[in-house]
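K.L.:
Sharing a structure below in structure tokens format, with a few things to ask.
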Amino acid sequence: MSSVTTPSAPFTELVNLASRLLGAGVVATNEDTFADAENLLVAKPAEFRAHTFGHKGQIMDGWESKRRRGVSAEQPHPTDEDHDWAVVRLGVGGVIRGVIVDTAHFTGNYPETASVQAASIPGHPSVEELDDAEWTDLVPRTALRGDTAHEFEVTDGTRYTHVRLNIWPDGGVARLRVHGEVLTDPRELDGLTFDLAAQEYGGVAEAASDRYFSSPHNLNAPGRASVMGEGWETRRRRDKANDWVQIALAGGGEVLAAEVDTTHFVANAPGWADLVGYDASAGGDPSTDADGWFPILPRTRLQPDTRHRLRLDAGCPVTHVRINVYPDGGLARLRLTGRLTGAGRAALALRWFNALPAGEARTALVEAGLEAEEATALTAARPLADAAATTAAVSALQPADGPDGEQSSRRRSAIWRLLGV
């Protein structure tokens, strides 16, 4: 096994929460006469073809609003606060770590300034409900340049479901990218088997031996690869080692089956592959603890351009899985079907609960069985680091319990129902 790892990545290495592959969409905009706001989410880089005119002018690959005007001949210019906006529903809720506002090819028609806001709106809200949401500034109003990808790091640790791009006073933006960490509502996964490695549930390809031809993040991307370039491919090895990708699962779980997919890799599929697992729930570090890895799937022969479906023996729980390919080559996808363990579900639930906006956290606790005052007090006690910290915070709730222990029993049941601790 190779020992090369990828250094800490910038936020652009994190999943794009605004990817249409994950289910993102533009759900509202006030103005897109020149070019549709939906273009903001197109996966490929923006293109420009000179002298391609439609009925509304030069066709631009992005979102472009019409030119704003003032209210009268005496006031022909827009006010300083007049602006346009577009709201994007993220494909999955998550913690946003960085935003890219790209004005590619917009040179004489880009906005002067822009801001990005975010909100957490449970369920499937209507446009009217979006208006009533509480929006938080992630990127304050900032000057833009034309034909430039503006990268903004975000330090807010809250889980959000929607973002709003505001531009002053008008103009065009080619692409919007919202990079971050998926945080799935654990209640949606209760009782289910699912792909523990999938991006849409929080799986991350966090290290790889090689990414010369294409990214290891393609391995756990949504859907099937349509061409070879949508998989992970290494350069040709000239030594006797092998290539690999390490995936942090959505949560600690038991892997029941694997699909190793070499679709489209006809002359460059690996000859063999195996899977090894690691359980970091006790605090170990899979990047440094070489002895902590254990086999999940023995070295298995692969065929080119083939989906290999492989059932696995039930074994130890894992938080990380590494696929080793021999000696090199490419894979289209890796799927790891399984279920969360109790400890894995609890760890995921704590991360999710700690990242919720306060109002949502209180609502979730009340729905689980706490009184409103108790929910407010426990929400204020966040972050809850682990099960012990959660138990201590619940024990401190007022009013204190009586001799029959009725209040403690109800509270423990509510926390177990929501957080599994």
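We label chains A, B, ... in the order they appear in the structure tokens, count residues from 1 in each chain, and number ligands from 1 in the order shown.
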Identify, on the basis of only C-alpha atoms, every residue whose closest approach to Val116 of chain A does not exceed 7 Å; exclude the query and any residue fewer than 3 positions from it along the same chain; express the result as a list in words.
P.N.:
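Surrounding residues, per the criterion: Asp137, Leu138, Val139, Pro140, Val163, Arg164, Leu165 and Asn166 of chain A.
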K.L.:
Could you name the residues that touch Gly146 of chain A at 8 Å or less, counting only C-alpha atoms, but leaving out those on the same chain fewer than 3 positions away, as a ChimeraX atom specification?
P.N.:
/A:103-110
K.L.:
Go through segment 71-251 of chain A and collect every residue that DSSP, computed from the backbone, puts in alpha helix (DSSP H); the answer should be as a ChimeraX atom specification.
P.N.:
/A:127-131
K.L.:
Run DSSP on the backbone and grab whatever in segment 18-128 of chain A lands in strand (DSSP E); send it over as a tab-separated table (two decimals) with C-alpha atoms, in the first residue's frame.
P.N.:
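So the final result, stored in result_1.tsv, reads:
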```tsv
chain	number	residue	atom	x	y	z
A	25	GLY	CA	-32.11	24.15	-7.95
A	26	VAL	CA	-32.83	27.84	-8.43
A	27	VAL	CA	-36.23	28.23	-6.80
A	28	ALA	CA	-36.80	31.97	-7.12
A	29	THR	CA	-35.38	35.12	-8.67
A	53	PHE	CA	-27.30	37.01	-30.55
A	54	GLY	CA	-30.83	36.07	-29.59
A	57	GLY	CA	-29.06	40.40	-27.19
A	58	GLN	CA	-25.78	38.53	-26.79
A	63	TRP	CA	-27.52	34.63	-14.96
A	64	GLU	CA	-28.06	38.18	-16.24
A	84	ASP	CA	-31.43	41.74	-7.94
A	85	TRP	CA	-31.37	38.32	-6.31
A	86	ALA	CA	-31.64	34.60	-6.88
A	87	VAL	CA	-32.41	31.89	-4.28
A	88	VAL	CA	-30.84	28.45	-4.55
A	89	ARG	CA	-32.10	25.36	-2.75
A	90	LEU	CA	-29.04	23.33	-1.84
A	91	GLY	CA	-29.06	19.72	-2.97
A	92	VAL	CA	-28.51	18.63	0.62
A	93	GLY	CA	-28.32	20.54	3.88
A	94	GLY	CA	-24.85	21.16	5.19
A	95	VAL	CA	-22.26	23.43	6.73
A	96	ILE	CA	-20.99	25.92	4.14
A	97	ARG	CA	-17.21	26.38	4.13
A	98	GLY	CA	-16.78	28.53	1.04
A	99	VAL	CA	-18.58	30.23	-1.84
A	100	ILE	CA	-17.44	31.05	-5.38
A	101	VAL	CA	-19.14	33.88	-7.26
A	102	ASP	CA	-17.82	33.63	-10.81
A	113	THR	CA	-21.09	44.41	-5.64
A	114	ALA	CA	-22.61	41.16	-4.37
A	115	SER	CA	-23.45	39.36	-1.13
A	116	VAL	CA	-24.40	35.80	-0.23
A	117	GLN	CA	-26.92	34.92	2.48
A	118	ALA	CA	-28.09	31.58	3.82
A	119	ALA	CA	-31.12	30.17	5.61
```
K.L.:
Which residue gives the smallest distance to Leu310 of chain A among A:Arg335, A:Arg345, A:Lys56, A:Arg49, with only C-alpha atoms counted?
P.N.:
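Closest to Leu310 of chain A, using only C-alpha atoms: A:Arg335.
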K.L.:
Please provide as number ranges by chain all residues within 12 Å of Ala393 of chain A, with the sequence filter that same-chain residues fewer than 6 positions apart are discarded (counting only C-alpha atoms).
P.N.:
A: 374-387, 408, 411-412, 415, 421
K.L.:
One number please: atom CA of Ala37 of chain A to atom CA of Thr184 of chain A, in Å, one decimal.
P.N.:
26.8 Å
K.L.:
Report as JSON, numbers by chain all protein, DNA and RNA residues lying within 8 Å of Ala273 of chain A, evaluated on only C-alpha atoms, omitting residues in the same chain fewer than 5 positions from it.
P.N.:
{"A": [298, 299, 300, 301, 302, 323, 324, 325, 326]}
K.L.:
Just N, CA and C atoms for this one: save the residues we selected as a PDB file, in the first residue's frame.
P.N.:
```pdb
ATOM      1  N   PRO A 298     -11.407  -9.313   0.353  1.00  0.00           N
ATOM      2  CA  PRO A 298     -10.078  -9.737  -0.081  1.00  0.00           C
ATOM      3  C   PRO A 298      -9.798  -9.280  -1.506  1.00  0.00           C
ATOM      4  N   ARG A 299      -8.541  -9.357  -1.887  1.00  0.00           N
ATOM      5  CA  ARG A 299      -8.171  -8.929  -3.232  1.00  0.00           C
ATOM      6  C   ARG A 299      -8.974  -9.727  -4.256  1.00  0.00           C
ATOM      7  N   THR A 300      -9.699  -8.995  -5.103  1.00  0.00           N
ATOM      8  CA  THR A 300     -10.682  -9.585  -6.007  1.00  0.00           C
ATOM      9  C   THR A 300     -10.402  -9.150  -7.431  1.00  0.00           C
ATOM     10  N   ARG A 301     -10.481 -10.089  -8.368  1.00  0.00           N
ATOM     11  CA  ARG A 301     -10.227  -9.765  -9.770  1.00  0.00           C
ATOM     12  C   ARG A 301     -11.340  -8.873 -10.320  1.00  0.00           C
ATOM     13  N   LEU A 302     -10.935  -7.885 -11.108  1.00  0.00           N
ATOM     14  CA  LEU A 302     -11.889  -6.976 -11.748  1.00  0.00           C
ATOM     15  C   LEU A 302     -11.879  -7.184 -13.254  1.00  0.00           C
ATOM     16  N   ILE A 323     -10.227   1.741  -0.587  1.00  0.00           N
ATOM     17  CA  ILE A 323     -10.177   0.800  -1.688  1.00  0.00           C
ATOM     18  C   ILE A 323      -8.776   0.843  -2.277  1.00  0.00           C
ATOM     19  N   ASN A 324      -8.146  -0.315  -2.376  1.00  0.00           N
ATOM     20  CA  ASN A 324      -6.836  -0.466  -3.004  1.00  0.00           C
ATOM     21  C   ASN A 324      -7.035  -1.072  -4.376  1.00  0.00           C
ATOM     22  N   VAL A 325      -6.425  -0.469  -5.381  1.00  0.00           N
ATOM     23  CA  VAL A 325      -6.475  -1.037  -6.730  1.00  0.00           C
ATOM     24  C   VAL A 325      -5.069  -1.455  -7.131  1.00  0.00           C
ATOM     25  N   TYR A 326      -4.988  -2.550  -7.899  1.00  0.00           N
ATOM     26  CA  TYR A 326      -3.688  -3.123  -8.258  1.00  0.00           C
ATOM     27  C   TYR A 326      -3.595  -3.291  -9.758  1.00  0.00           C
TER      28      TYR A 326
END
```
K.L.:
Work out how far atom CA of Val173 of chain A is from atom CA of Met60 of chain A, in Å to one decimal.
P.N.:
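Pair atom CA of Met60 of chain A / atom CA of Val173 of chain A returns 9.6 Å.
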K.L.:
For segment 188-199 of chain A, list every protein, DNA or RNA residue within 6 Å, evaluated using only C-alpha atoms, and leave out those in the same chain fewer than 5 positions away; present the list as an MDAnalysis selection string.
P.N.:
chainID A and resid 220:221 249:250 335:339
K.L.:
Keeping only N, CA, C and O atoms, write the selected residues as a PDB file, in the first residue's frame.
P.N.:
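The result, stored in part30.pdb:
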```
ATOM      1  N   ASN A 220     -17.533   8.702  -5.315  1.00  0.00           N
ATOM      2  CA  ASN A 220     -18.776   8.625  -4.535  1.00  0.00           C
ATOM      3  C   ASN A 220     -19.769   9.705  -4.938  1.00  0.00           C
ATOM      4  O   ASN A 220     -20.645  10.089  -4.165  1.00  0.00           O
ATOM      5  N   ALA A 221     -19.631  10.208  -6.172  1.00  0.00           N
ATOM      6  CA  ALA A 221     -20.552  11.217  -6.688  1.00  0.00           C
ATOM      7  C   ALA A 221     -21.911  10.587  -6.986  1.00  0.00           C
ATOM      8  O   ALA A 221     -22.023   9.368  -7.180  1.00  0.00           O
ATOM      9  N   LEU A 249     -16.876   7.685   5.804  1.00  0.00           N
ATOM     10  CA  LEU A 249     -18.277   7.369   5.586  1.00  0.00           C
ATOM     11  C   LEU A 249     -19.186   8.425   6.206  1.00  0.00           C
ATOM     12  O   LEU A 249     -18.773   9.221   7.044  1.00  0.00           O
ATOM     13  N   ALA A 250     -20.447   8.397   5.797  1.00  0.00           N
ATOM     14  CA  ALA A 250     -21.425   9.354   6.332  1.00  0.00           C
ATOM     15  C   ALA A 250     -21.549   9.228   7.841  1.00  0.00           C
ATOM     16  O   ALA A 250     -21.822  10.205   8.539  1.00  0.00           O
ATOM     17  N   ARG A 335     -19.659   2.053  -4.418  1.00  0.00           N
ATOM     18  CA  ARG A 335     -20.845   2.123  -3.565  1.00  0.00           C
ATOM     19  C   ARG A 335     -20.662   1.151  -2.402  1.00  0.00           C
ATOM     20  O   ARG A 335     -20.236   0.010  -2.606  1.00  0.00           O
ATOM     21  N   LEU A 336     -21.001   1.596  -1.208  1.00  0.00           N
ATOM     22  CA  LEU A 336     -20.862   0.784   0.000  1.00  0.00           C
ATOM     23  C   LEU A 336     -22.203   0.784   0.733  1.00  0.00           C
ATOM     24  O   LEU A 336     -22.504   1.673   1.529  1.00  0.00           O
ATOM     25  N   THR A 337     -23.017  -0.208   0.441  1.00  0.00           N
ATOM     26  CA  THR A 337     -24.351  -0.286   1.018  1.00  0.00           C
ATOM     27  C   THR A 337     -24.264  -0.845   2.439  1.00  0.00           C
ATOM     28  O   THR A 337     -23.599  -1.859   2.676  1.00  0.00           O
ATOM     29  N   GLY A 338     -24.916  -0.172   3.365  1.00  0.00           N
ATOM     30  CA  GLY A 338     -24.875  -0.631   4.750  1.00  0.00           C
ATOM     31  C   GLY A 338     -25.861   0.123   5.601  1.00  0.00           C
ATOM     32  O   GLY A 338     -26.785   0.767   5.108  1.00  0.00           O
ATOM     33  N   ARG A 339     -25.660   0.054   6.901  1.00  0.00           N
ATOM     34  CA  ARG A 339     -26.549   0.734   7.840  1.00  0.00           C
ATOM     35  C   ARG A 339     -25.714   1.311   8.973  1.00  0.00           C
ATOM     36  O   ARG A 339     -24.654   0.782   9.320  1.00  0.00           O
TER      37      ARG A 339
END
```
